[in-house]
file final_20.cif (mmCIF, C-alpha atoms)
data_start
#
loop_
_atom_site.label_atom_id
_atom_site.label_comp_id
_atom_site.auth_asym_id
_atom_site.auth_seq_id
_atom_site.Cartn_x
_atom_site.Cartn_y
_atom_site.Cartn_z
CA MET A 1473 244.85 57.06 -42.67
CA ALA A 1474 242.99 55.57 -45.65
CA ARG A 1475 241.85 52.73 -43.41
CA ARG A 1476 240.46 55.17 -40.86
CA VAL A 1477 238.55 57.06 -43.55
CA LYS A 1478 237.17 53.77 -44.82
CA ILE A 1479 235.93 52.83 -41.32
CA VAL A 1480 234.32 56.24 -40.82
CA LEU A 1481 232.55 56.02 -44.18
CA GLN A 1482 231.33 52.50 -43.43
CA ALA A 1483 230.06 53.59 -40.01
CA ALA A 1484 228.26 56.56 -41.58
CA ALA A 1485 226.63 54.33 -44.19
CA VAL A 1486 225.48 51.82 -41.56
CA THR A 1487 224.10 54.65 -39.41
CA VAL A 1488 222.12 56.13 -42.32
CA VAL A 1489 220.67 52.74 -43.23
CA ALA A 1490 219.80 52.05 -39.57
CA LEU A 1491 218.02 55.41 -39.32
CA LEU A 1492 216.01 54.71 -42.45
CA VAL A 1493 215.01 51.29 -41.11
CA VAL A 1494 213.92 52.86 -37.79
CA LEU A 1495 211.83 55.47 -39.65
CA LEU A 1496 210.22 52.78 -41.76
CA GLY A 1497 209.49 50.69 -38.68
CA TRP A 1498 207.97 53.67 -36.90
CA ARG A 1499 205.72 54.39 -39.88
CA VAL A 1500 204.59 50.77 -40.19
CA ALA A 1501 204.02 50.55 -36.42
CA GLN A 1502 201.75 53.61 -36.58
CA GLN A 1503 199.68 52.09 -39.36
CA GLU A 1504 199.48 48.80 -37.53
CA GLU A 1505 198.35 50.57 -34.36
CA GLY A 1506 195.27 51.86 -36.21
CA ARG A 1507 194.47 48.51 -37.80
CA GLY A 1508 195.00 46.77 -34.48
CA LEU A 1509 192.51 49.07 -32.76
CA SER A 1510 189.78 48.23 -35.21
CA ASP A 1511 190.42 44.49 -34.83
CA ALA A 1512 190.51 44.75 -31.02
CA VAL A 1513 187.20 46.62 -30.87
CA ALA A 1514 185.63 44.11 -33.26
CA ALA A 1515 186.81 41.33 -30.92
CA GLY A 1516 185.02 43.01 -27.99
CA LYS A 1517 188.17 44.37 -26.35
CA ARG A 1518 188.41 47.88 -25.00
CA PRO A 1519 191.76 49.37 -26.07
CA ALA A 1520 192.74 52.86 -24.97
CA ALA A 1521 191.77 55.52 -27.48
CA PRO A 1522 194.91 57.19 -28.89
CA GLU A 1523 195.32 60.62 -27.34
CA PHE A 1524 195.54 63.72 -29.53
CA THR A 1525 195.58 67.49 -29.27
CA LEU A 1526 194.42 69.53 -32.25
CA ASP A 1527 193.44 73.12 -33.00
CA ALA A 1528 189.75 73.86 -32.65
CA LEU A 1529 188.14 74.60 -36.01
CA ASP A 1530 187.16 78.07 -34.81
CA GLY A 1531 190.89 78.63 -34.20
CA GLU A 1532 190.46 79.90 -30.68
CA ASP A 1533 191.61 76.96 -28.61
CA GLN A 1534 193.04 73.50 -28.68
CA ILE A 1535 191.07 70.35 -28.16
CA SER A 1536 192.45 67.19 -26.57
CA LEU A 1537 190.61 63.90 -26.32
CA SER A 1538 191.64 63.74 -22.67
CA ASP A 1539 189.66 66.98 -22.02
CA TYR A 1540 186.57 64.75 -22.05
CA ARG A 1541 187.78 62.05 -19.68
CA GLY A 1542 184.81 61.10 -17.45
CA LYS A 1543 182.38 61.64 -20.33
CA GLY A 1544 181.35 59.38 -23.18
CA VAL A 1545 182.61 60.57 -26.57
CA VAL A 1546 181.29 60.01 -30.09
CA LEU A 1547 184.39 60.68 -32.18
CA ASN A 1548 183.43 61.48 -35.75
CA LEU A 1549 186.07 61.95 -38.47
CA TRP A 1550 184.74 63.99 -41.37
CA ALA A 1551 185.45 66.47 -44.15
CA SER A 1552 183.20 69.05 -45.82
CA TRP A 1553 183.62 67.51 -49.28
CA CYS A 1554 182.43 64.08 -48.06
CA GLY A 1555 178.88 63.25 -49.16
CA PRO A 1556 177.80 60.89 -46.34
CA CYS A 1557 179.14 63.38 -43.77
CA LYS A 1558 176.32 65.71 -44.80
CA LYS A 1559 173.75 63.09 -43.86
CA GLU A 1560 175.45 62.30 -40.55
CA ALA A 1561 175.80 65.91 -39.38
CA PRO A 1562 172.14 66.46 -38.37
CA LEU A 1563 172.05 63.09 -36.55
CA LEU A 1564 175.20 63.96 -34.60
CA GLN A 1565 173.85 67.40 -33.69
CA SER A 1566 170.61 65.83 -32.51
CA ALA A 1567 172.45 63.25 -30.38
CA TRP A 1568 174.61 66.03 -28.85
CA GLU A 1569 171.51 68.02 -27.89
CA ARG A 1570 169.71 64.99 -26.43
CA TYR A 1571 172.54 63.43 -24.45
CA ARG A 1572 174.93 66.19 -23.46
CA ASP A 1573 173.28 66.49 -20.02
CA GLU A 1574 173.86 62.78 -19.47
CA GLY A 1575 177.57 63.16 -20.01
CA LEU A 1576 177.94 62.59 -23.74
CA VAL A 1577 180.15 64.67 -26.01
CA VAL A 1578 180.10 64.56 -29.78
CA LEU A 1579 183.59 65.44 -30.96
CA GLY A 1580 184.10 66.10 -34.65
CA VAL A 1581 187.53 65.98 -36.27
CA ASP A 1582 187.66 67.67 -39.65
CA ALA A 1583 190.65 66.50 -41.69
CA GLN A 1584 192.11 66.90 -45.18
CA ASP A 1585 189.92 69.90 -45.73
CA PHE A 1586 189.96 73.67 -46.16
CA PRO A 1587 189.09 75.15 -42.74
CA ARG A 1588 186.97 77.77 -44.49
CA ASP A 1589 184.88 75.02 -46.17
CA ALA A 1590 184.58 73.22 -42.85
CA ARG A 1591 183.36 76.37 -41.11
CA ASP A 1592 180.78 76.89 -43.87
CA PHE A 1593 179.65 73.29 -43.34
CA VAL A 1594 179.31 73.85 -39.58
CA GLU A 1595 177.23 76.96 -40.18
CA ARG A 1596 175.04 75.34 -42.81
CA TYR A 1597 174.15 72.40 -40.54
CA GLY A 1598 174.04 74.45 -37.33
CA LEU A 1599 176.56 72.26 -35.54
CA THR A 1600 177.32 73.33 -31.98
CA TYR A 1601 179.39 70.39 -30.74
CA PRO A 1602 183.18 70.78 -30.46
CA ILE A 1603 185.08 70.34 -33.70
CA ALA A 1604 188.84 70.10 -34.18
CA HIS A 1605 190.76 70.58 -37.41
CA ASP A 1606 193.45 68.01 -38.16
CA ARG A 1607 195.65 69.99 -40.55
CA ASN A 1608 198.01 67.16 -41.44
CA GLY A 1609 195.57 64.29 -41.04
CA SER A 1610 197.89 63.25 -38.21
CA ILE A 1611 195.38 61.17 -36.26
CA LEU A 1612 193.96 59.32 -39.26
CA GLY A 1613 196.74 56.71 -39.32
CA ARG A 1614 196.62 56.24 -35.56
CA TYR A 1615 192.89 55.50 -35.74
CA GLY A 1616 193.30 53.26 -38.80
CA SER A 1617 191.15 55.58 -40.89
CA THR A 1618 190.69 54.58 -44.51
CA GLY A 1619 188.22 57.29 -45.55
CA PHE A 1620 185.41 59.55 -44.44
CA PRO A 1621 183.24 59.44 -42.47
CA GLU A 1622 184.42 57.17 -39.67
CA THR A 1623 183.06 57.01 -36.14
CA TRP A 1624 184.51 55.67 -32.92
CA PHE A 1625 182.95 55.51 -29.46
CA VAL A 1626 185.02 56.31 -26.38
CA ASP A 1627 183.79 55.41 -22.90
CA ARG A 1628 184.20 57.48 -19.73
CA GLN A 1629 187.57 55.82 -19.00
CA GLY A 1630 188.98 56.77 -22.41
CA ARG A 1631 188.61 53.31 -23.93
CA LEU A 1632 187.25 52.48 -27.39
CA VAL A 1633 184.02 50.51 -27.16
CA GLY A 1634 181.17 49.35 -29.37
CA GLU A 1635 181.66 49.56 -33.09
CA HIS A 1636 184.22 51.24 -35.30
CA ILE A 1637 181.87 52.46 -38.01
CA THR A 1638 183.48 53.06 -41.39
CA GLY A 1639 181.19 54.96 -43.72
CA GLU A 1640 177.79 56.39 -42.95
CA PHE A 1641 176.10 55.13 -39.76
CA SER A 1642 172.40 54.47 -39.34
CA GLU A 1643 170.32 56.14 -36.60
CA GLU A 1644 169.98 52.76 -34.87
CA GLN A 1645 173.73 52.16 -34.91
CA LEU A 1646 174.39 55.58 -33.42
CA GLU A 1647 171.76 55.15 -30.70
CA GLU A 1648 172.94 51.66 -29.75
CA ASN A 1649 176.56 52.71 -29.43
CA ILE A 1650 175.70 55.86 -27.48
CA GLN A 1651 173.82 53.75 -24.93
CA LEU A 1652 176.86 51.48 -24.63
CA VAL A 1653 179.13 54.47 -24.03
CA LEU A 1654 176.83 56.01 -21.42
CA GLU A 1655 176.46 52.74 -19.53
CA SER A 1656 180.20 52.12 -19.35
CA MET B 1376 236.51 85.21 -72.63
CA ARG B 1377 234.15 88.18 -72.49
CA LEU B 1378 232.04 86.64 -75.21
CA ALA B 1379 231.75 83.41 -73.23
CA LEU B 1380 230.70 85.32 -70.11
CA LEU B 1381 228.12 87.25 -72.08
CA ALA B 1382 226.76 84.05 -73.63
CA GLY B 1383 226.55 82.48 -70.16
CA LEU B 1384 224.64 85.47 -68.84
CA VAL B 1385 222.20 85.41 -71.74
CA LEU B 1386 221.62 81.68 -71.26
CA ALA B 1387 221.06 82.10 -67.51
CA LEU B 1388 218.54 84.88 -68.14
CA ALA B 1389 216.80 82.83 -70.79
CA ALA B 1390 216.48 79.94 -68.34
CA ALA B 1391 215.28 82.17 -65.48
CA ALA B 1392 212.61 84.00 -67.49
CA PRO B 1393 210.11 81.10 -67.77
CA ALA B 1394 210.60 80.26 -64.08
CA PHE B 1395 209.86 83.86 -63.15
CA ALA B 1396 206.79 83.93 -65.40
CA SER B 1397 205.59 80.63 -63.90
CA GLU B 1398 205.99 82.02 -60.36
CA GLU B 1399 204.09 85.22 -61.19
CA LYS B 1400 201.41 83.72 -63.41
CA PRO B 1401 201.08 80.02 -62.58
CA THR B 1402 198.78 77.69 -64.44
CA LEU B 1403 196.57 74.96 -63.03
CA ALA B 1404 198.53 72.30 -64.93
CA GLU B 1405 201.86 73.44 -63.44
CA LEU B 1406 200.53 73.45 -59.91
CA GLU B 1407 198.80 70.10 -60.35
CA GLY B 1408 202.20 68.61 -61.18
CA GLU B 1409 203.71 70.00 -57.99
CA LEU B 1410 201.00 68.88 -55.57
CA THR B 1411 199.61 65.63 -54.22
CA CYS B 1412 196.07 64.54 -53.45
CA PRO B 1413 195.75 64.41 -49.62
CA THR B 1414 193.45 61.38 -49.53
CA CYS B 1415 195.18 59.17 -52.10
CA ASN B 1416 198.76 60.51 -51.68
CA GLY B 1417 199.27 60.33 -55.45
CA PRO B 1418 199.86 63.20 -57.89
CA LEU B 1419 197.00 65.70 -57.88
CA GLU B 1420 196.89 65.69 -61.67
CA LEU B 1421 195.96 61.99 -61.67
CA SER B 1422 193.39 62.12 -58.89
CA ASN B 1423 189.64 62.37 -59.29
CA ALA B 1424 188.93 62.29 -55.54
CA PRO B 1425 186.44 64.91 -54.30
CA VAL B 1426 189.14 66.70 -52.32
CA ALA B 1427 191.34 66.86 -55.45
CA ASP B 1428 188.50 68.53 -57.36
CA ARG B 1429 188.09 70.98 -54.50
CA ILE B 1430 191.81 71.81 -54.53
CA ARG B 1431 191.71 72.36 -58.30
CA ALA B 1432 188.77 74.75 -57.86
CA PHE B 1433 190.69 76.57 -55.12
CA ILE B 1434 193.76 76.92 -57.35
CA LEU B 1435 191.70 78.39 -60.20
CA GLU B 1436 190.06 80.76 -57.71
CA ARG B 1437 193.46 81.94 -56.43
CA ILE B 1438 194.97 82.26 -59.93
CA ALA B 1439 192.03 84.47 -60.90
CA ALA B 1440 192.63 86.52 -57.75
CA GLY B 1441 196.23 87.11 -58.90
CA ASP B 1442 198.10 84.98 -56.34
CA THR B 1443 201.63 83.83 -57.17
CA LYS B 1444 202.56 80.16 -57.23
CA SER B 1445 204.27 80.40 -53.84
CA GLU B 1446 201.26 82.11 -52.28
CA ILE B 1447 198.90 79.42 -53.54
CA LYS B 1448 201.16 76.66 -52.26
CA GLU B 1449 201.48 78.41 -48.92
CA LYS B 1450 197.69 78.57 -48.55
CA LEU B 1451 197.37 74.90 -49.41
CA VAL B 1452 200.05 73.99 -46.86
CA ASP B 1453 198.13 76.03 -44.26
CA SER B 1454 195.08 73.84 -44.82
CA PHE B 1455 196.56 70.43 -45.57
CA GLY B 1456 200.09 70.49 -44.19
CA GLU B 1457 203.35 70.03 -46.10
CA SER B 1458 202.32 66.59 -47.31
CA VAL B 1459 200.25 68.32 -50.01
CA LEU B 1460 203.51 69.32 -51.72
CA ALA B 1461 204.96 66.77 -54.13
CA ALA B 1462 208.51 67.87 -53.21
CA PRO B 1463 209.43 69.05 -49.71
CA PRO B 1464 210.21 72.77 -49.37
CA ARG B 1465 213.92 73.67 -49.34
CA SER B 1466 214.13 74.70 -45.73
CA GLY B 1467 215.19 73.29 -42.34
CA PHE B 1468 215.17 69.52 -41.95
CA ASN B 1469 213.73 69.11 -45.47
CA TRP B 1470 217.12 70.02 -46.94
CA ILE B 1471 218.14 66.45 -46.17
CA ALA B 1472 215.75 65.19 -48.83
CA TRP B 1473 217.42 67.46 -51.40
CA VAL B 1474 221.04 67.08 -50.30
CA LEU B 1475 221.18 63.38 -49.44
CA PRO B 1476 220.73 62.05 -53.00
CA LEU B 1477 223.42 64.45 -54.27
CA VAL B 1478 225.81 63.48 -51.47
CA GLY B 1479 225.02 59.80 -52.04
CA GLY B 1480 225.73 60.17 -55.76
CA ALA B 1481 228.99 62.02 -55.11
CA VAL B 1482 230.13 59.39 -52.57
CA ALA B 1483 229.27 56.61 -55.02
CA VAL B 1484 231.35 58.28 -57.75
CA VAL B 1485 234.32 58.71 -55.40
CA VAL B 1486 234.10 55.12 -54.15
CA LEU B 1487 233.85 53.80 -57.70
CA ALA B 1488 236.81 55.92 -58.83
CA LEU B 1489 238.93 54.67 -55.89
CA ALA B 1490 237.96 51.06 -56.58
CA VAL B 1491 238.80 51.33 -60.28
CA ARG B 1492 242.15 52.91 -59.41
CA ARG B 1493 242.94 50.14 -56.95
CA TRP B 1494 242.01 47.39 -59.43
CA SER B 1495 244.13 48.92 -62.17
CA GLN B 1496 247.09 49.28 -59.77
CA ALA B 1497 246.74 45.67 -58.61
CA LYS B 1498 246.71 44.54 -62.23
CA GLY B 1499 249.88 46.57 -62.97
CA GLU B 1500 251.76 45.05 -60.03
CA GLU B 1501 251.21 41.42 -61.08
CA PRO B 1502 254.59 39.69 -61.98
CA ALA B 1503 255.17 39.58 -65.69
CA PRO B 1504 254.97 36.05 -67.04
CA ALA B 1505 258.28 34.47 -67.98
CA ASP B 1506 259.19 34.52 -71.65
CA PRO B 1507 257.74 31.54 -73.32
CA SER B 1508 260.14 29.28 -75.20
CA ALA B 1509 260.05 28.88 -78.94
CA ASN B 1510 257.22 26.36 -78.77
CA GLY B 1511 255.06 28.84 -76.84
CA ARG B 1512 255.35 26.98 -73.54
CA PRO B 1513 257.07 28.32 -70.43
CA PRO B 1514 260.73 27.31 -69.91
CA LEU B 1515 261.51 24.13 -68.04
CA ASP B 1516 262.37 24.03 -64.39
CA PRO B 1517 266.23 24.30 -64.16
CA GLU B 1518 266.49 21.10 -62.11
CA LEU B 1519 264.35 19.22 -64.60
CA GLU B 1520 266.40 20.66 -67.47
CA ARG B 1521 269.67 19.52 -65.83
CA ARG B 1522 268.34 15.99 -65.37
CA LEU B 1523 267.07 15.94 -68.95
CA ASP B 1524 270.53 17.00 -70.24
CA GLU B 1525 272.15 14.25 -68.18
CA GLU B 1526 269.80 11.63 -69.62
CA LEU B 1527 270.34 12.84 -73.18
CA ALA B 1528 274.13 12.81 -72.68
CA ARG B 1529 273.94 9.20 -71.38
CA PHE B 1530 271.72 8.23 -74.32
CA ASP B 1531 274.17 9.80 -76.81
CA GLY B 1532 277.09 8.16 -75.10
#
call {"tool": "encode", "arguments": {"input": "final_20.cif", "output": "structure tokens"}}
result
Amino acid sequence: MARRVKIVLQAAAVTVVALLVVLLGWRVAQQEEGRGLSDAVAAGKRPAAPEFTLDALDGEDQISLSDYRGKGVVLNLWASWCGPCKKEAPLLQSAWERYRDEGLVVLGVDAQDFPRDARDFVERYGLTYPIAHDRNGSILGRYGSTGFPETWFVDRQGRLVGEHITGEFSEEQLEENIQLVLES
Amino acid sequence: MRLALLAGLVLALAAAAPAFASEEKPTLAELEGELTCPTCNGPLELSNAPVADRIRAFILERIAAGDTKSEIKEKLVDSFGESVLAAPPRSGFNWIAWVLPLVGGAVAVVVLALAVRRWSQAKGEEPAPADPSANGRPPLDPELERRLDEELARFDG
């Protein structure tokens, strides 16, 4: 009897440890996925952009990256408290207005932020492009995000192309990458 | 017995009173200790990140508006998710985080107690050493003793 109890306890302990190792591995794999994407894009590869579905900031709908398959996407990760994001907002709005008829979508993802602050930000800068709110910052790890702002470019086939811009982009950088996306 | 019960009740009430006051009228310092900074994942009280400053301003705003501690935490979770809480809430799957260390500790105590019991039993069952002879050494092997007696008898003879 005592032997059976001992075996059950040992099996339980091994199972718990195995589960913890799997969880750790899953977490590390997620972080590596993001880092790997950045390296792949820098090497000129075109990895698939990780798919996501998030609530729209206006709370009415959900937004998925795959909703824009067939269009080029400028994916901008931002937060209302981020200084450089304030400089980028007018440039992104301008690009959205100029290129939307050519099949370009600017998609903002607001993360680690109060939705109310984000909505104030959108109103202040007159942003009309689609914006999602990432409540848990769930896509940040998958995109290897290390801070705000960060910008990725997704081609019409849903692949990451051009540059992964960490920090504030210049007008030239934005223009160059948009052309790359639209030509793909 | 009644006195002990009364003393226990008074102690329990004395311990619950500050917790109740803290829930009804929280302070910024208390809440800072129970929250994390979303961008750096460290304690909010140690963070000077812009989002941490914004959260502190929000907390002060909500305290002034008369929100309880739970209400403020709930609003922060709505915006930032549960990861903003330093300790997971005691509900659903999160109970594992609270129960597992206690269960682990209890199992460790039981295992240790069983091991100690087994060691002490094993020690008790060891055969007692034979009585040493007068010179403090163990007695001779009977065969060796017989041969020694024979030799001594021959020597004497």
call {"tool": "resolve_selection", "arguments": {"input": "final_20.cif", "expression": "the PyMOL selection byres ((chain B) within 9 of (chain A))", "output": "list of chain:residue names"}}
result
B:Pro1413, B:Thr1414, B:Pro1425, B:Val1426, B:Arg1429, B:Ile1430, B:Leu1451, B:Val1452, B:Asp1453, B:Ser1454, B:Phe1455, B:Gly1456, B:Glu1457, B:Ser1458, B:Val1459
call {"tool": "resolve_selection", "arguments": {"input": "final_20.cif", "expression": "the PyMOL selection byres ((chain A and resi 1630) around 10)", "output": "list in words"}}
result
Arg1518, Pro1519, Ala1520, Ala1521, Pro1522, Glu1523, Leu1537, Ser1538, Tyr1540, Arg1541, Gly1542, Lys1543, Gly1544, Val1545, Phe1625, Val1626, Asp1627, Arg1628, Gln1629, Arg1631, Leu1632 and Val1633 of chain A
call {"tool": "closest_residue", "arguments": {"input": "final_20.cif", "among": "B:Ala1440, B:Leu1460, B:Val1486, B:Arg1431", "to": "Val1477 in chain A", "atoms": "all atoms listed in the file"}}
result
B:Val1486
call {"tool": "resolve_selection", "arguments": {"input": "final_20.cif", "expression": "the PyMOL selection byres ((chain B and resi 1400-1404) around 7)", "output": "list of chain:residue names"}}
result
B:Ala1396, B:Ser1397, B:Glu1398, B:Glu1399, B:Glu1405, B:Leu1406, B:Glu1407, B:Gly1408, B:Ile1434, B:Leu1435, B:Thr1443, B:Lys1444
call {"tool": "residues_near_point", "arguments": {"input": "final_20.cif", "point": "(176.0, 55.9, -38.9)", "cutoff": "12 Å", "atoms": "only C-alpha atoms", "output": "MDAnalysis selection string"}}
result
chainID A and resid 1546:1549 1556:1564 1567 1620:1625 1635:1650
call {"tool": "write_last_selection", "arguments": {"input": "final_20.cif", "atoms": "C-alpha atoms", "output": "tab-separated table (two decimals), in the frame of the given file"}}
result
chain	number	residue	atom	x	y	z
A	1546	VAL	CA	181.29	60.01	-30.09
A	1547	LEU	CA	184.39	60.68	-32.18
A	1548	ASN	CA	183.43	61.48	-35.75
A	1549	LEU	CA	186.07	61.95	-38.47
A	1556	PRO	CA	177.80	60.89	-46.34
A	1557	CYS	CA	179.14	63.38	-43.77
A	1558	LYS	CA	176.32	65.71	-44.80
A	1559	LYS	CA	173.75	63.09	-43.86
A	1560	GLU	CA	175.45	62.30	-40.55
A	1561	ALA	CA	175.80	65.91	-39.38
A	1562	PRO	CA	172.14	66.46	-38.37
A	1563	LEU	CA	172.05	63.09	-36.55
A	1564	LEU	CA	175.20	63.96	-34.60
A	1567	ALA	CA	172.45	63.25	-30.38
A	1620	PHE	CA	185.41	59.55	-44.44
A	1621	PRO	CA	183.24	59.44	-42.47
A	1622	GLU	CA	184.42	57.17	-39.67
A	1623	THR	CA	183.06	57.01	-36.14
A	1624	TRP	CA	184.51	55.67	-32.92
A	1625	PHE	CA	182.95	55.51	-29.46
A	1635	GLU	CA	181.66	49.56	-33.09
A	1636	HIS	CA	184.22	51.24	-35.30
A	1637	ILE	CA	181.87	52.46	-38.01
A	1638	THR	CA	183.48	53.06	-41.39
A	1639	GLY	CA	181.19	54.96	-43.72
A	1640	GLU	CA	177.79	56.39	-42.95
A	1641	PHE	CA	176.10	55.13	-39.76
A	1642	SER	CA	172.40	54.47	-39.34
A	1643	GLU	CA	170.32	56.14	-36.60
A	1644	GLU	CA	169.98	52.76	-34.87
A	1645	GLN	CA	173.73	52.16	-34.91
A	1646	LEU	CA	174.39	55.58	-33.42
A	1647	GLU	CA	171.76	55.15	-30.70
A	1648	GLU	CA	172.94	51.66	-29.75
A	1649	ASN	CA	176.56	52.71	-29.43
A	1650	ILE	CA	175.70	55.86	-27.48
call {"tool": "atom_distance", "arguments": {"input": "final_20.cif", "atom1": "CA of Asp1527 in chain A", "atom2": "CA of Ile1603 in chain A"}}
result
8.8 Å
call {"tool": "atom_distance", "arguments": {"input": "final_20.cif", "atom1": "CA of Tyr1597 in chain A", "atom2": "CA of Glu1449 in chain B"}}
result
29.2 Å
call {"tool": "atom_distance", "arguments": {"input": "final_20.cif", "atom1": "CA of Leu1654 in chain A", "atom2": "CA of Leu1579 in chain A"}}
result
15.0 Å
call {"tool": "residues_around", "arguments": {"input": "final_20.cif", "residues": "Pro1418 in chain B", "least_positions_apart": "4", "cutoff": "9 Å", "atoms": "only C-alpha atoms", "output": "list in words"}}
result
Glu1407, Gly1408, Glu1409, Leu1410, Thr1411, Cys1412, Ser1422 and Ala1461 of chain B
call {"tool": "closest_residue", "arguments": {"input": "final_20.cif", "among": "A:Gly1575, A:Asp1530, A:Asp1511, A:Ser1566", "to": "Pro1602 in chain A", "atoms": "all atoms listed in the file"}}
result
A:Asp1530
call {"tool": "closest_residue", "arguments": {"input": "final_20.cif", "among": "A:Leu1529, A:Trp1550, A:Val1486, A:Gly1598", "to": "Leu1612 in chain A", "atoms": "all atoms listed in the file"}}
result
A:Trp1550
